[in-house]
Amino acid sequence: MTVDSAYVIVGASLAGAKAAQTLREEGFDGPLVLIGNESERPYERPPLSKGYLTGADEREKIYVHPPQWYAEHDVDLRLGTAVTAIDPTGHQVTLADGSQVGYGKLLLATGSSPRRLPVPGADLEQVLYLRTAADSDRIKKAFRSASRVVVIGAGWIGLETAAAARTAGVEVTVLEAAELPLLRVLGREVAQVFADLHRDHGVDLRFGVQVAEITGSGGAANGVLLADGTRIGADVVIVGVGIEPNTGLALAAGLEVDNGIRVDERLRTSHPDIYAAGDVANAFHPPLGKHIRVEHWANALNQPQTAARAMLGQDAVYDRVPYFFTDQYDLGMEYAGYVEPGGYDQVVFRGEAASREFIAFWLGEGRVLAGMNVNVWNVNEQIQALVRAARPIDPSRLADPAVPLASLLAQS
Ligand SMILES: Cc1cc2nc3c(=O)[nH]c(=O)nc-3n(C[C@H](O)[C@H](O)[C@H](O)COP(=O)(O)OP(=O)(O)OC[C@H]3O[C@@H](n4cnc5c(N)ncnc54)[C@H](O)[C@@H]3O)c2cc1C
Ligand SMILES: NC(=O)c1ccc[n+]([C@@H]2O[C@H](COP(=O)([O-])OP(=O)(O)OC[C@H]3O[C@@H](n4cnc5c(N)ncnc54)[C@H](O)[C@@H]3O)[C@@H](O)[C@H]2O)c1
């Protein structure tokens, strides 16, 4: 094989590592190069705001593969190495040291980066973001000495970090611009469950607030000033205000970029030999009939498997029901489906929301668009089947715990 027949993957995290694994499992025996700019071998991020952050999980549990896996599978893993440019015509990528690597097919699994807070004081010490294992280590260390933490953003990072901070015995204030936590994803009815959960665990939640400044002394943050003049003291400020997909390379290479790297259902970009998967990919989803970009673990786990097969010329299409999960205190949940903000007309609860043991269904024109099982297990496959069925389901039967979910699928 020539160098040009090499398959190159940019981004050595979950999506990149899973693509490498699938390429080898599917029999690709050519040169395979996995390039990542972090110094750690590929790892998974969910524990960084949960078990790893609280100290319940060991470091070794976060990695996608054991260290020897890469050599055993002849994967040329280049860590601490940034790709700085792609030449789609010449079929090569440029590395930070100026060297080049040729490719036959290229996968972009460059993921995303935290959005920075554009206010004065945002670059003070003790203003922390959470994306990498090193970030999680920093926050874990800060929890040991801090007595008051302010978390900006009541999205997934904000809420999971707030739960970890409370578990560490730290006082927590959460500042959110919207009226409720996770409002865009869950809507008012279910977002309220998360607000109640955190209040019950002693978190001071403040909604509809605008952060004007992070104040400091001696170079380190000591509080947050709101636009209405309120000042909240803090030893540490954690910012979780969303992410931006890492599209710079793709954009500079002339690939189509629109809310991520635009790919088809085979995860192919606007260039036939370049694919994208994971957080960075805005992929056409055939059942939904539109492009979606999903910022969750299951997507980064599964999409690259389809991309790898498509790169090998197999007939592979990505059409899985989007899925994610969270763990906060004693609440564990799984969510399957996809609903645009406000894109539903009814929420049906099976069980009492206040008991935090229920299933919620989001309906649109009578169809189940999404479902979320909270502290109820072994039902997510059935929820996914209801979403896939895409036909009207009787809401009163959906709400009735005595009616097995499987029987609803049989319903004509
Ligand atoms: C703290 C945390 C907790 C989470 N918890 C959950 C959860 O409970 N449930 C859930 O469903 N999802 C969760 N997620 C989301 C999930 O982790 C992401 O969707 C997933 O990490 C995306 O994987 P990825 O491989 O596409 O991208 P990333 O994980 O972002 O990895 C991309 C990699 O590419 C590297 N890279 C970027 N540009 C270059 C370049 N030019 N050259 C070389 N390398 C480059 C990056 O440094 C990075 O290592 C969590 C995320 C975080 C941060
Ligand atoms: N369990 C999970 O699935 C999980 C867990 C952790 C992280 N993640 C992923 O990590 C990424 C980052 O998470 P995130 O929580 O930062 O993003 P997010 O998009 O989930 O939430 C960001 C929150 O910050 C709020 N916000 C934005 N600007 C603000 C401001 N100036 N002041 C106050 N509030 C503001 C938004 O209204 C929103 O509620 C996402 O892709 C997320 O899906 C997922």
# chains A, B, ... in the order shown; residues from 1 in each chain; ligands from 1
$ residues_near_ligand --ligand "ligand 2" --cutoff "8 Å" --atoms "only C-alpha atoms and all ligand atoms" --output "ChimeraX atom specification"
/A:45-46,49,112,114-115,117-118,131,152-160,175-178,180-184,209-211,239-243,279,294-297,324-327
$ residues_around --residues "Gln305 (chain A)" --least-positions-apart "2" --cutoff "6 Å" --atoms "only C-alpha atoms" --output "list in words"
Ala19, Thr22, Asn302, Gln303, Ala307 and Ala308 of chain A
$ write_last_selection --atoms "N, CA, C and O atoms" --output "mmCIF file, in the first residue's frame"
data_model
loop_
_atom_site.group_PDB
_atom_site.id
_atom_site.type_symbol
_atom_site.label_atom_id
_atom_site.label_comp_id
_atom_site.auth_asym_id
_atom_site.auth_seq_id
_atom_site.Cartn_x
_atom_site.Cartn_y
_atom_site.Cartn_z
ATOM 1 N N ALA A 19 -13.787 5.016 15.584
ATOM 2 C CA ALA A 19 -13.633 4.857 14.136
ATOM 3 C C ALA A 19 -12.443 3.945 13.842
ATOM 4 O O ALA A 19 -12.530 3.046 12.998
ATOM 5 N N THR A 22 -13.395 0.347 14.552
ATOM 6 C CA THR A 22 -14.286 -0.247 13.542
ATOM 7 C C THR A 22 -13.533 -0.535 12.251
ATOM 8 O O THR A 22 -13.746 -1.576 11.620
ATOM 9 N N ASN A 302 -21.396 5.868 18.307
ATOM 10 C CA ASN A 302 -21.988 5.103 17.203
ATOM 11 C C ASN A 302 -21.745 5.688 15.815
ATOM 12 O O ASN A 302 -21.564 4.947 14.859
ATOM 13 N N GLN A 303 -21.790 7.020 15.713
ATOM 14 C CA GLN A 303 -21.621 7.610 14.372
ATOM 15 C C GLN A 303 -20.309 7.193 13.698
ATOM 16 O O GLN A 303 -20.308 6.865 12.507
ATOM 17 N N ALA A 307 -19.409 5.838 9.964
ATOM 18 C CA ALA A 307 -18.455 6.557 9.100
ATOM 19 C C ALA A 307 -17.362 5.611 8.619
ATOM 20 O O ALA A 307 -16.999 5.605 7.437
ATOM 21 N N ALA A 308 -16.846 4.782 9.546
ATOM 22 C CA ALA A 308 -15.755 3.860 9.181
ATOM 23 C C ALA A 308 -16.224 2.889 8.096
ATOM 24 O O ALA A 308 -15.509 2.642 7.117
#
$ select_by_dssp --residues "region 11-243 of chain A" --states "alpha helix (DSSP H)" --output "ChimeraX atom specification"
/A:14-25,51-54,69-72,133-145,156-167,183-200
$ closest_residue --among "A:Ala15, A:Tyr103, A:Ile62, A:Gly80" --to "Glu38 (chain A)" --atoms "only C-alpha atoms"
A:Gly80
$ closest_residue --among "A:Ser136, A:Thr81, A:Gln346, A:Gln382" --to "Arg367 (chain A)" --atoms "only C-alpha atoms"
A:Gln346
$ residues_around --residues "region 216-232 of chain A" --least-positions-apart "5" --cutoff "9 Å" --atoms "only C-alpha atoms" --output "NGL selection string"
:A and (121-127 or 149-150 or 173 or 209-211 or 237)
$ residues_around --residues "Glu171 (chain A)" --least-positions-apart "6" --cutoff "12 Å" --atoms "only C-alpha atoms" --output "list in words"
Phe143, Ser145, Ala146, Ser147, Arg148, Val149, Val150, Val151, Ala162, Ala163, Ala164, Ala165, His198, Arg199, His201, Gly202, Val203, Asp204, Leu205, Ile232, Gly233, Ala234, Asp235, Val236 and Val237 of chain A
$ closest_residue --among "A:Leu312, A:Ala385, A:Val347, A:Val374" --to "Glu334 (chain A)" --atoms "only C-alpha atoms"
A:Val374
$ closest_residue --among "A:Asn282, A:Thr215, A:Gln192, A:Ser270" --to "ligand 1" --atoms "only C-alpha atoms and all ligand atoms"
A:Asn282
$ select_by_dssp --residues "region 33-149 of chain A" --states "strand (DSSP E or B)" --output "ChimeraX atom specification"
/A:33-35,43,63,75-78,83-87,92-95,100-102,105-108,112-114,125,127-129,148-149
$ residues_around --residues "Val257 (chain A)" --least-positions-apart "5" --cutoff "9 Å" --atoms "only C-alpha atoms" --output "NGL selection string"
:A and (247 or 250-251 or 262-263 or 282)
$ residues_around --residues "Leu107 (chain A)" --least-positions-apart "3" --cutoff "10 Å" --atoms "only C-alpha atoms" --output "MDAnalysis selection string"
chainID A and resid 7:11 15:16 19:20 34 103 110 267:269 273:277 304 307:308 311
$ closest_residue --among "A:Ala336, A:Ala195, A:Leu331, A:Ile139" --to "Ala298 (chain A)" --atoms "only C-alpha atoms"
A:Ala336
$ atom_distance --atom1 "CA of Ser13 (chain A)" --atom2 "CA of Gln328 (chain A)"
24.0 Å
$ closest_residue --among "A:Gly111, A:Leu409, A:Asn37, A:Trp377" --to "Gly248 (chain A)" --atoms "only C-alpha atoms"
A:Gly111
$ atom_distance --atom1 "CA of Arg388 (chain A)" --atom2 "CA of Val321 (chain A)"
7.3 Å
$ residues_around --residues "Ala252 (chain A)" --least-positions-apart "6" --cutoff "12 Å" --atoms "only C-alpha atoms" --output "count of residues only"
7
$ atom_distance --atom1 "atom 36 (N, counted along the ligand's line) of ligand 1" --atom2 "CA of Ala82 (chain A)"
7.0 Å
